[in-house]
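Shown here: target-v6.tsv, TSV, C-alpha atoms.
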chain	number	residue	atom	x	y	z
A	14	MET	CA	-40.23	69.85	93.40
A	15	SER	CA	-38.43	72.53	95.41
A	16	ASP	CA	-37.02	75.51	93.56
A	17	VAL	CA	-33.51	74.43	94.55
A	18	LEU	CA	-33.85	70.81	93.47
A	19	GLN	CA	-35.84	71.78	90.38
A	20	LYS	CA	-33.13	74.19	89.25
A	21	LEU	CA	-30.35	71.73	90.05
A	22	TRP	CA	-32.08	68.94	88.13
A	23	ALA	CA	-32.78	71.25	85.17
A	24	THR	CA	-29.11	72.25	85.07
A	25	ILE	CA	-27.86	68.65	85.20
A	26	ASP	CA	-30.29	67.54	82.50
A	27	ASP	CA	-29.27	70.52	80.38
A	28	ARG	CA	-25.58	69.53	80.65
A	29	ARG	CA	-26.55	66.06	79.42
A	30	VAL	CA	-28.28	67.46	76.31
A	31	PHE	CA	-25.81	70.31	75.74
A	32	PRO	CA	-22.40	69.23	77.16
A	33	ARG	CA	-19.99	72.02	78.13
A	34	ALA	CA	-16.23	71.67	78.17
A	35	ASP	CA	-15.94	73.50	81.50
A	36	SER	CA	-18.72	71.59	83.30
A	37	TYR	CA	-17.98	68.97	85.99
A	38	THR	CA	-21.44	67.50	85.35
A	39	SER	CA	-20.68	67.13	81.62
A	40	SER	CA	-17.31	65.48	82.31
A	41	LEU	CA	-18.93	63.09	84.80
A	42	LEU	CA	-21.66	62.15	82.30
A	43	ALA	CA	-18.97	61.58	79.67
A	44	ALA	CA	-17.02	59.33	82.07
A	45	GLY	CA	-19.90	56.88	82.04
A	46	LEU	CA	-22.10	54.84	84.33
A	47	PRO	CA	-19.42	52.89	86.27
A	48	ARG	CA	-17.66	56.14	87.26
A	49	ILE	CA	-20.92	57.90	88.20
A	50	SER	CA	-22.08	54.88	90.23
A	51	GLN	CA	-18.74	54.83	92.02
A	52	LYS	CA	-19.19	58.51	92.98
A	53	VAL	CA	-22.68	57.77	94.39
A	54	GLY	CA	-21.20	54.96	96.50
A	55	GLU	CA	-18.27	57.07	97.66
A	56	GLU	CA	-20.42	60.04	98.68
A	57	ALA	CA	-22.68	57.68	100.66
A	58	VAL	CA	-19.63	56.28	102.46
A	59	GLU	CA	-18.48	59.83	103.24
A	60	THR	CA	-21.96	60.65	104.57
A	61	VAL	CA	-21.85	57.58	106.85
A	62	VAL	CA	-18.33	58.39	108.08
A	63	ALA	CA	-19.35	62.01	108.72
A	64	ALA	CA	-22.46	60.92	110.65
A	65	LEU	CA	-20.48	58.57	112.90
A	66	GLY	CA	-17.14	60.28	113.23
A	67	GLU	CA	-17.27	63.93	112.27
A	68	ASP	CA	-19.20	67.13	112.79
A	69	ASP	CA	-22.70	68.05	111.68
A	70	SER	CA	-21.73	70.49	108.93
A	71	ARG	CA	-19.82	67.66	107.25
A	72	VAL	CA	-22.95	65.45	107.22
A	73	VAL	CA	-24.96	68.15	105.43
A	74	TYR	CA	-22.12	68.82	102.97
A	75	GLU	CA	-21.58	65.15	102.07
A	76	MET	CA	-25.33	64.47	101.80
A	77	ALA	CA	-25.70	67.40	99.41
A	78	ASP	CA	-22.90	65.85	97.32
A	79	LEU	CA	-24.72	62.52	97.44
A	80	VAL	CA	-28.00	64.05	96.21
A	81	TYR	CA	-26.17	65.82	93.37
A	82	HIS	CA	-24.42	62.61	92.23
A	83	CYS	CA	-27.73	60.70	92.47
A	84	MET	CA	-29.24	63.22	90.06
A	85	VAL	CA	-26.30	62.76	87.66
A	86	LEU	CA	-26.84	58.99	87.85
A	87	LEU	CA	-30.53	59.48	86.97
A	88	ALA	CA	-29.60	61.68	84.00
A	89	ALA	CA	-27.06	59.10	82.80
A	90	LYS	CA	-29.78	56.41	82.92
A	91	GLY	CA	-32.37	58.58	81.12
A	92	LEU	CA	-34.42	58.76	84.33
A	93	THR	CA	-35.68	61.83	86.21
A	94	TRP	CA	-35.73	63.19	89.76
A	95	ALA	CA	-39.51	63.52	89.38
A	96	GLU	CA	-39.70	59.71	89.20
A	97	VAL	CA	-37.84	59.46	92.53
A	98	GLU	CA	-40.25	61.94	94.13
A	99	SER	CA	-43.17	60.02	92.67
A	100	ALA	CA	-41.82	56.77	94.14
A	101	LEU	CA	-41.50	58.45	97.55
A	102	GLU	CA	-45.06	59.77	97.26
A	103	GLN	CA	-46.44	56.31	96.41
A	104	ARG	CA	-44.67	54.62	99.29
A	105	PHE	CA	-45.20	57.16	102.07
A	106	LYS	CA	-48.63	58.61	101.42
B	12	MET	CA	-38.99	72.29	99.08
B	13	SER	CA	-41.25	70.12	96.94
B	14	ASP	CA	-44.63	69.15	98.35
B	15	VAL	CA	-43.57	65.49	98.36
B	16	LEU	CA	-40.23	66.01	100.10
B	17	GLN	CA	-41.72	68.62	102.44
B	18	LYS	CA	-44.46	66.23	103.55
B	19	LEU	CA	-42.04	63.32	103.89
B	20	TRP	CA	-39.61	65.39	105.96
B	21	ALA	CA	-42.45	66.72	108.16
B	22	THR	CA	-43.66	63.17	108.78
B	23	ILE	CA	-40.18	61.89	109.67
B	24	ASP	CA	-39.51	64.81	112.00
B	25	ASP	CA	-42.92	64.30	113.60
B	26	ARG	CA	-42.09	60.64	114.30
B	27	ARG	CA	-38.90	61.80	116.03
B	28	VAL	CA	-40.83	64.15	118.34
B	29	PHE	CA	-43.85	61.88	118.79
B	30	PRO	CA	-42.71	58.25	118.36
B	31	ARG	CA	-45.38	55.74	117.33
B	32	ALA	CA	-45.23	52.05	118.13
B	33	ASP	CA	-46.34	51.08	114.62
B	34	SER	CA	-43.96	53.38	112.74
B	35	TYR	CA	-40.89	52.08	110.87
B	36	THR	CA	-39.39	55.57	111.11
B	37	SER	CA	-39.81	55.61	114.89
B	38	SER	CA	-38.27	52.15	115.28
B	39	LEU	CA	-35.34	53.18	113.06
B	40	LEU	CA	-34.77	56.36	115.11
B	41	ALA	CA	-34.90	54.28	118.29
B	42	ALA	CA	-32.33	51.85	116.87
B	43	GLY	CA	-29.77	54.64	116.83
B	44	LEU	CA	-27.18	56.29	114.62
B	45	PRO	CA	-25.03	53.23	113.73
B	46	ARG	CA	-28.10	51.35	112.45
B	47	ILE	CA	-29.45	54.35	110.51
B	48	SER	CA	-26.02	55.02	108.98
B	49	GLN	CA	-25.81	51.37	107.97
B	50	LYS	CA	-29.16	51.65	106.17
B	51	VAL	CA	-27.96	54.74	104.26
B	52	GLY	CA	-24.87	52.82	103.15
B	53	GLU	CA	-26.87	49.72	102.19
B	54	GLU	CA	-29.42	51.66	100.15
B	55	ALA	CA	-26.59	53.41	98.30
B	56	VAL	CA	-25.01	50.02	97.51
B	57	GLU	CA	-28.40	48.78	96.24
B	58	THR	CA	-28.72	51.92	94.08
B	59	VAL	CA	-25.27	51.30	92.58
B	60	VAL	CA	-26.00	47.61	91.96
B	61	ALA	CA	-29.35	48.50	90.37
B	62	ALA	CA	-27.72	51.12	88.13
B	63	LEU	CA	-25.07	48.69	86.86
B	64	GLY	CA	-26.85	45.38	86.86
B	65	GLU	CA	-30.60	45.73	86.99
B	66	ASP	CA	-33.52	47.56	85.42
B	67	ASP	CA	-34.45	51.23	85.57
B	68	SER	CA	-37.44	50.89	87.87
B	69	ARG	CA	-35.13	49.35	90.47
B	70	VAL	CA	-32.81	52.38	90.33
B	71	VAL	CA	-35.71	54.75	91.06
B	72	TYR	CA	-37.03	52.51	93.84
B	73	GLU	CA	-33.65	52.13	95.60
B	74	MET	CA	-32.84	55.84	95.22
B	75	ALA	CA	-36.16	56.74	96.81
B	76	ASP	CA	-35.23	54.43	99.70
B	77	LEU	CA	-31.84	56.14	99.92
B	78	VAL	CA	-33.42	59.63	100.10
B	79	TYR	CA	-35.84	58.47	102.82
B	80	HIS	CA	-33.04	56.97	104.95
B	81	CYS	CA	-30.93	60.12	104.44
B	82	MET	CA	-33.81	62.12	105.91
B	83	VAL	CA	-34.01	59.77	108.90
B	84	LEU	CA	-30.26	60.22	109.41
B	85	LEU	CA	-30.71	64.01	109.39
B	86	ALA	CA	-33.52	63.75	111.95
B	87	ALA	CA	-31.38	61.51	114.16
B	88	LYS	CA	-28.57	64.10	114.07
B	89	GLY	CA	-30.92	67.04	114.78
B	90	LEU	CA	-30.32	68.37	111.27
B	91	THR	CA	-32.88	69.24	108.56
B	92	TRP	CA	-33.48	68.55	104.87
B	93	ALA	CA	-33.68	72.33	104.39
B	94	GLU	CA	-29.97	72.51	105.32
B	95	VAL	CA	-29.15	69.99	102.58
B	96	GLU	CA	-31.11	72.03	100.03
B	97	SER	CA	-29.37	75.16	101.24
B	98	ALA	CA	-25.95	73.49	100.81
B	99	LEU	CA	-26.93	72.48	97.25
B	100	GLU	CA	-28.07	76.04	96.52
B	101	GLN	CA	-24.79	77.52	97.79
B	102	ARG	CA	-22.64	75.17	95.74
B	103	PHE	CA	-24.53	75.13	92.45
B	104	LYS	CA	-25.90	78.66	92.08
C	6	MET	CA	-2.06	31.01	101.42
C	7	SER	CA	-2.97	30.45	105.07
C	8	ASP	CA	-4.51	27.14	106.03
C	9	VAL	CA	-7.71	28.91	107.05
C	10	LEU	CA	-8.08	30.99	103.88
C	11	GLN	CA	-6.93	28.11	101.70
C	12	LYS	CA	-9.57	25.79	103.17
C	13	LEU	CA	-12.27	28.47	102.96
C	14	TRP	CA	-11.43	29.24	99.35
C	15	ALA	CA	-11.35	25.50	98.46
C	16	THR	CA	-14.78	25.03	100.05
C	17	ILE	CA	-16.31	28.02	98.23
C	18	ASP	CA	-14.86	26.93	94.89
C	19	ASP	CA	-16.12	23.39	95.51
C	20	ARG	CA	-19.66	24.71	96.13
C	21	ARG	CA	-19.46	26.49	92.77
C	22	VAL	CA	-18.52	23.28	90.94
C	23	PHE	CA	-20.76	20.99	93.01
C	24	PRO	CA	-23.73	23.05	94.29
C	25	ARG	CA	-25.46	21.76	97.42
C	26	ALA	CA	-29.09	22.44	98.28
C	27	ASP	CA	-28.24	23.19	101.94
C	28	SER	CA	-25.29	25.48	101.26
C	29	TYR	CA	-25.50	29.26	101.74
C	30	THR	CA	-22.53	29.63	99.38
C	31	SER	CA	-24.34	27.65	96.67
C	32	SER	CA	-27.53	29.70	97.07
C	33	LEU	CA	-25.52	32.93	96.91
C	34	LEU	CA	-23.71	31.80	93.74
C	35	ALA	CA	-27.07	30.84	92.23
C	36	ALA	CA	-28.50	34.28	93.09
C	37	GLY	CA	-25.99	35.85	90.69
C	38	LEU	CA	-23.46	38.64	90.47
C	39	PRO	CA	-25.69	41.64	91.39
C	40	ARG	CA	-26.75	39.95	94.64
C	41	ILE	CA	-23.21	38.86	95.53
C	42	SER	CA	-21.84	42.34	94.78
C	43	GLN	CA	-24.55	43.84	96.97
C	44	LYS	CA	-23.47	41.59	99.86
C	45	VAL	CA	-19.82	42.69	99.45
C	46	GLY	CA	-20.92	46.33	99.61
C	47	GLU	CA	-23.20	45.73	102.60
C	48	GLU	CA	-20.55	43.88	104.61
C	49	ALA	CA	-18.09	46.71	103.93
C	50	VAL	CA	-20.65	49.24	105.20
C	51	GLU	CA	-21.16	47.11	108.32
C	52	THR	CA	-17.39	46.97	108.84
C	53	VAL	CA	-17.17	50.77	108.58
C	54	VAL	CA	-20.10	51.30	110.96
C	55	ALA	CA	-18.59	48.81	113.43
C	56	ALA	CA	-15.20	50.54	113.26
C	57	LEU	CA	-16.68	53.98	113.97
C	58	GLY	CA	-19.61	53.22	116.22
C	59	GLU	CA	-19.41	49.79	117.78
C	60	ASP	CA	-17.08	47.45	119.64
C	61	ASP	CA	-13.94	45.70	118.43
C	62	SER	CA	-15.40	42.20	118.25
C	63	ARG	CA	-17.97	43.49	115.78
C	64	VAL	CA	-15.21	44.86	113.49
C	65	VAL	CA	-13.52	41.44	113.36
C	66	TYR	CA	-16.85	39.66	112.78
C	67	GLU	CA	-17.98	41.98	109.96
C	68	MET	CA	-14.55	41.96	108.31
C	69	ALA	CA	-14.56	38.15	108.31
C	70	ASP	CA	-17.97	38.32	106.60
C	71	LEU	CA	-16.54	40.78	104.08
C	72	VAL	CA	-13.59	38.47	103.24
C	73	TYR	CA	-15.95	35.52	102.80
C	74	HIS	CA	-18.27	37.43	100.45
C	75	CYS	CA	-15.24	38.72	98.50
C	76	MET	CA	-14.22	35.10	97.92
C	77	VAL	CA	-17.73	34.23	96.71
C	78	LEU	CA	-17.54	37.20	94.32
C	79	LEU	CA	-14.23	35.91	92.96
C	80	ALA	CA	-15.71	32.43	92.47
C	81	ALA	CA	-18.74	33.92	90.67
C	82	LYS	CA	-16.39	35.78	88.30
C	83	GLY	CA	-14.19	32.72	87.66
C	84	LEU	CA	-11.31	34.40	89.51
C	85	THR	CA	-9.27	33.08	92.46
C	86	TRP	CA	-8.10	34.28	95.87
C	87	ALA	CA	-4.54	33.40	94.74
C	88	GLU	CA	-4.83	36.20	92.18
C	89	VAL	CA	-5.69	38.68	94.93
C	90	GLU	CA	-2.69	37.56	96.99
C	91	SER	CA	-0.51	37.80	93.90
C	92	ALA	CA	-1.74	41.37	93.29
C	93	LEU	CA	-0.90	42.26	96.91
C	94	GLU	CA	2.56	40.72	96.53
C	95	GLN	CA	3.27	42.71	93.35
C	96	ARG	CA	2.21	46.01	94.86
C	97	PHE	CA	3.75	45.76	98.31
C	98	LYS	CA	6.99	43.89	97.81
D	8	MET	CA	-1.48	32.85	107.40
D	9	SER	CA	-0.11	32.94	103.88
D	10	ASP	CA	3.41	34.22	103.37
D	11	VAL	CA	2.04	37.14	101.35
D	12	LEU	CA	-0.62	38.19	103.88
D	13	GLN	CA	1.71	37.49	106.80
D	14	LYS	CA	4.39	39.75	105.34
D	15	LEU	CA	1.87	42.45	104.43
D	16	TRP	CA	0.34	42.42	107.90
D	17	ALA	CA	3.80	42.49	109.56
D	18	THR	CA	4.77	45.50	107.42
D	19	ILE	CA	1.55	47.39	108.22
D	20	ASP	CA	1.85	46.70	111.94
D	21	ASP	CA	5.51	47.75	111.84
D	22	ARG	CA	4.54	51.09	110.24
D	23	ARG	CA	2.10	51.62	113.10
D	24	VAL	CA	4.80	51.07	115.73
D	25	PHE	CA	7.59	52.79	113.78
D	26	PRO	CA	5.99	55.43	111.51
D	27	ARG	CA	7.98	56.46	108.44
D	28	ALA	CA	7.70	59.82	106.73
D	29	ASP	CA	7.69	58.24	103.26
D	30	SER	CA	5.15	55.51	104.02
D	31	TYR	CA	1.55	55.64	102.71
D	32	THR	CA	0.54	53.25	105.49
D	33	SER	CA	2.01	55.56	108.14
D	34	SER	CA	0.28	58.62	106.67
D	35	LEU	CA	-3.02	56.73	106.55
D	36	LEU	CA	-2.66	55.63	110.18
D	37	ALA	CA	-1.86	59.22	111.15
D	38	ALA	CA	-4.97	60.46	109.30
D	39	GLY	CA	-7.12	58.52	111.76
D	40	LEU	CA	-10.03	56.14	111.90
D	41	PRO	CA	-12.65	58.15	109.93
D	42	ARG	CA	-10.28	58.50	106.95
D	43	ILE	CA	-9.22	54.81	107.07
D	44	SER	CA	-12.85	53.67	107.34
D	45	GLN	CA	-13.73	55.86	104.37
D	46	LYS	CA	-10.99	54.18	102.31
D	47	VAL	CA	-12.35	50.71	103.21
D	48	GLY	CA	-15.81	51.79	102.06
D	49	GLU	CA	-14.49	53.37	98.86
D	50	GLU	CA	-12.41	50.34	97.89
D	51	ALA	CA	-15.45	48.11	98.44
D	52	VAL	CA	-17.52	50.37	96.16
D	53	GLU	CA	-14.77	50.19	93.53
D	54	THR	CA	-14.74	46.39	93.84
D	55	VAL	CA	-18.52	46.26	93.32
D	56	VAL	CA	-18.38	48.64	90.34
D	57	ALA	CA	-15.52	46.61	88.82
D	58	ALA	CA	-17.44	43.35	89.31
D	59	LEU	CA	-20.57	44.69	87.60
D	60	GLY	CA	-19.20	47.08	85.03
D	61	GLU	CA	-15.55	46.49	84.29
D	62	ASP	CA	-13.00	43.81	83.49
D	63	ASP	CA	-11.71	40.98	85.64
D	64	SER	CA	-8.24	42.40	86.26
D	65	ARG	CA	-9.88	45.45	87.82
D	66	VAL	CA	-11.83	43.25	90.29
D	67	VAL	CA	-8.62	41.59	91.49
D	68	TYR	CA	-6.81	44.95	91.72
D	69	GLU	CA	-9.59	46.68	93.70
D	70	MET	CA	-10.09	43.67	96.00
D	71	ALA	CA	-6.37	43.64	96.80
D	72	ASP	CA	-6.69	47.35	97.68
D	73	LEU	CA	-9.70	46.51	99.87
D	74	VAL	CA	-7.79	43.78	101.76
D	75	TYR	CA	-4.84	46.14	102.33
D	76	HIS	CA	-7.09	48.92	103.69
D	77	CYS	CA	-8.91	46.39	105.91
D	78	MET	CA	-5.55	45.48	107.44
D	79	VAL	CA	-4.77	49.17	108.06
D	80	LEU	CA	-8.17	49.52	109.75
D	81	LEU	CA	-7.36	46.55	112.02
D	82	ALA	CA	-3.97	48.07	112.91
D	83	ALA	CA	-5.64	51.42	113.69
D	84	LYS	CA	-8.08	49.64	116.05
D	85	GLY	CA	-5.32	47.60	117.75
D	86	LEU	CA	-6.75	44.42	116.23
D	87	THR	CA	-4.98	41.78	114.09
D	88	TRP	CA	-5.50	39.93	110.81
D	89	ALA	CA	-5.06	36.70	112.80
D	90	GLU	CA	-8.32	37.54	114.62
D	91	VAL	CA	-10.13	37.82	111.28
D	92	GLU	CA	-8.76	34.45	110.17
D	93	SER	CA	-9.76	32.96	113.51
D	94	ALA	CA	-13.31	34.32	113.09
D	95	LEU	CA	-13.47	32.76	109.61
D	96	GLU	CA	-12.24	29.45	111.01
D	97	GLN	CA	-14.87	29.45	113.77
D	98	ARG	CA	-17.73	30.19	111.42
D	99	PHE	CA	-16.88	27.96	108.48
D	100	LYS	CA	-15.34	24.87	110.03
Can you dump the structure from the file as structure tokens?
Amino acid sequence: MSDVLQKLWATIDDRRVFPRADSYTSSLLAAGLPRISQKVGEEAVETVVAALGEDDSRVVYEMADLVYHCMVLLAAKGLTWAEVESALEQRFK
Amino acid sequence: MSDVLQKLWATIDDRRVFPRADSYTSSLLAAGLPRISQKVGEEAVETVVAALGEDDSRVVYEMADLVYHCMVLLAAKGLTWAEVESALEQRFK
Amino acid sequence: MSDVLQKLWATIDDRRVFPRADSYTSSLLAAGLPRISQKVGEEAVETVVAALGEDDSRVVYEMADLVYHCMVLLAAKGLTWAEVESALEQRFK
Amino acid sequence: MSDVLQKLWATIDDRRVFPRADSYTSSLLAAGLPRISQKVGEEAVETVVAALGEDDSRVVYEMADLVYHCMVLLAAKGLTWAEVESALEQRFK
């Protein structure tokens, strides 16, 4: 896993185990699966809209948001980003 | 970048520069931005549906598909996965 | 309710009560809520992609598909199109 | 067209021709196609999440929102709800 993604995943998983009052990740995890799923869907829509109707920097920004919310969804389900990388490795090797 | 994601990105970017007749990635890139964007949206919907209504292995599988199609979208736009990681690093450091 | 939407809704609701082997609506209802929800999400993505990247006739076609799959979702939940119209009337009168 | 949908469509199309400072529809039309498309996608995601993870009243509420934003998208493209109904009639007669 990249340093960046590894650190981001570790932080998100840490917020799940040790919630913080001032953490967006903690508040999102507390909001529950329907809300987190909705955010994943919304960020994907924003990525699509950016790709078709806006500038490049917006695509990168919205896709980063999408990856972050995907990680929060994994944490909420008790899954890990390593499992996603493993699935990619299995399918594309 | 992780070995897995680094290899996957390198493969996708290679298919963009050197299209292969038997490559799904090449055919997707040839289909154009509207089609690739549609796939990103569809895989996100499948991830959401899996998270709310199906089993865990399905969530991992659909999210892996989503990450792959995001990378194809980046390649189609002339962007890179490294830019997405950089955006994540900026926002979550 | 318009004649067109009224007839379409009546047909969909009839397929729910009296499934037919040769009916797409019946097979969709039999596939269950996750599959029907996925179709609603996919048709919305196709509508968005058509609006931003394709021609006008495609927008109308995909939006018609979206309305149809929304009605199937309502039928699967035991809800009605009349309730959606009623909600619109309440909010926009 | 139903009285409800006919009135809603007439109001939306009127706001396009005669924008009002205090109208959400007018502000949405002024925001442009990417923003309106994004709203259509988001409302569809909320409908899917409601169908799979929340109560029935939420499904009706979010679907009504989706229909409204679809109509705004049509107005923004210079299309009409009558064309959507006509497409449904052609395909399901």
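The interatomic distance for the pair atom CA of B:Met82 and atom CA of B:Gly52 works out to 13.2 Å.
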How would you write as a ChimeraX atom specification the residues that get within 9 Å of (-17.2, 56.4, 113.0) in the file's frame, counting only C-alpha atoms? /A:61-67 /B:45 /C:53-59 /D:40-41,44
Report the distance between atom CA of D:Leu86 and atom CA of D:Trp16 in Å, rounded to one decimal place.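 These two atoms are separated by 11.1 Å.
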Atomic separation - atom CA of C:Ala92 relative to atom CA of D:Tyr68, Å: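 According to the coordinates, atom CA of D:Tyr68 and atom CA of C:Ala92 are separated by 6.4 Å.
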Can you write out as a tab-separated table which residues of chain A fall within 7 Å of chain B, alongside each residue's closest atom pair and its distance in Å to one decimal, counting all atoms listed in the file and ordering rows by chain and ascending residue number?
residue	atom	partner	partner_atom	distance
A:Met14	CA	B:Ser13	CA	3.7
A:Ser15	CA	B:Met12	CA	3.7
A:Asp16	CA	B:Met12	CA	6.7
A:Val17	CA	B:Glu100	CA	6.0
A:Ser50	CA	B:Val59	CA	5.3
A:Gly54	CA	B:Ala55	CA	5.9
A:Ala57	CA	B:Gly52	CA	5.9
A:Val58	CA	B:Gly52	CA	6.3
A:Val61	CA	B:Ser48	CA	5.3
A:Val73	CA	B:Val95	CA	5.4
A:Tyr74	CA	B:Ala98	CA	6.4
A:Met76	CA	B:Val95	CA	6.8
A:Ala77	CA	B:Val95	CA	5.4
A:Glu96	CA	B:Val71	CA	6.6
A:Val97	CA	B:Ala75	CA	5.3
A:Glu98	CA	B:Val15	CA	6.4
A:Ala100	CA	B:Ala75	CA	6.3
A:Leu101	CA	B:Ala75	CA	5.7
A:Glu102	CA	B:Val15	CA	6.0
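The neighbours of C:Arg21 here are the residues that come within 9 Å of it, using only C-alpha atoms and leaving out any residue fewer than 6 positions away in the same chain; they are Thr30, Ser31, Leu34, Ala35, Val77, Ala80 and Ala81 of chain C.
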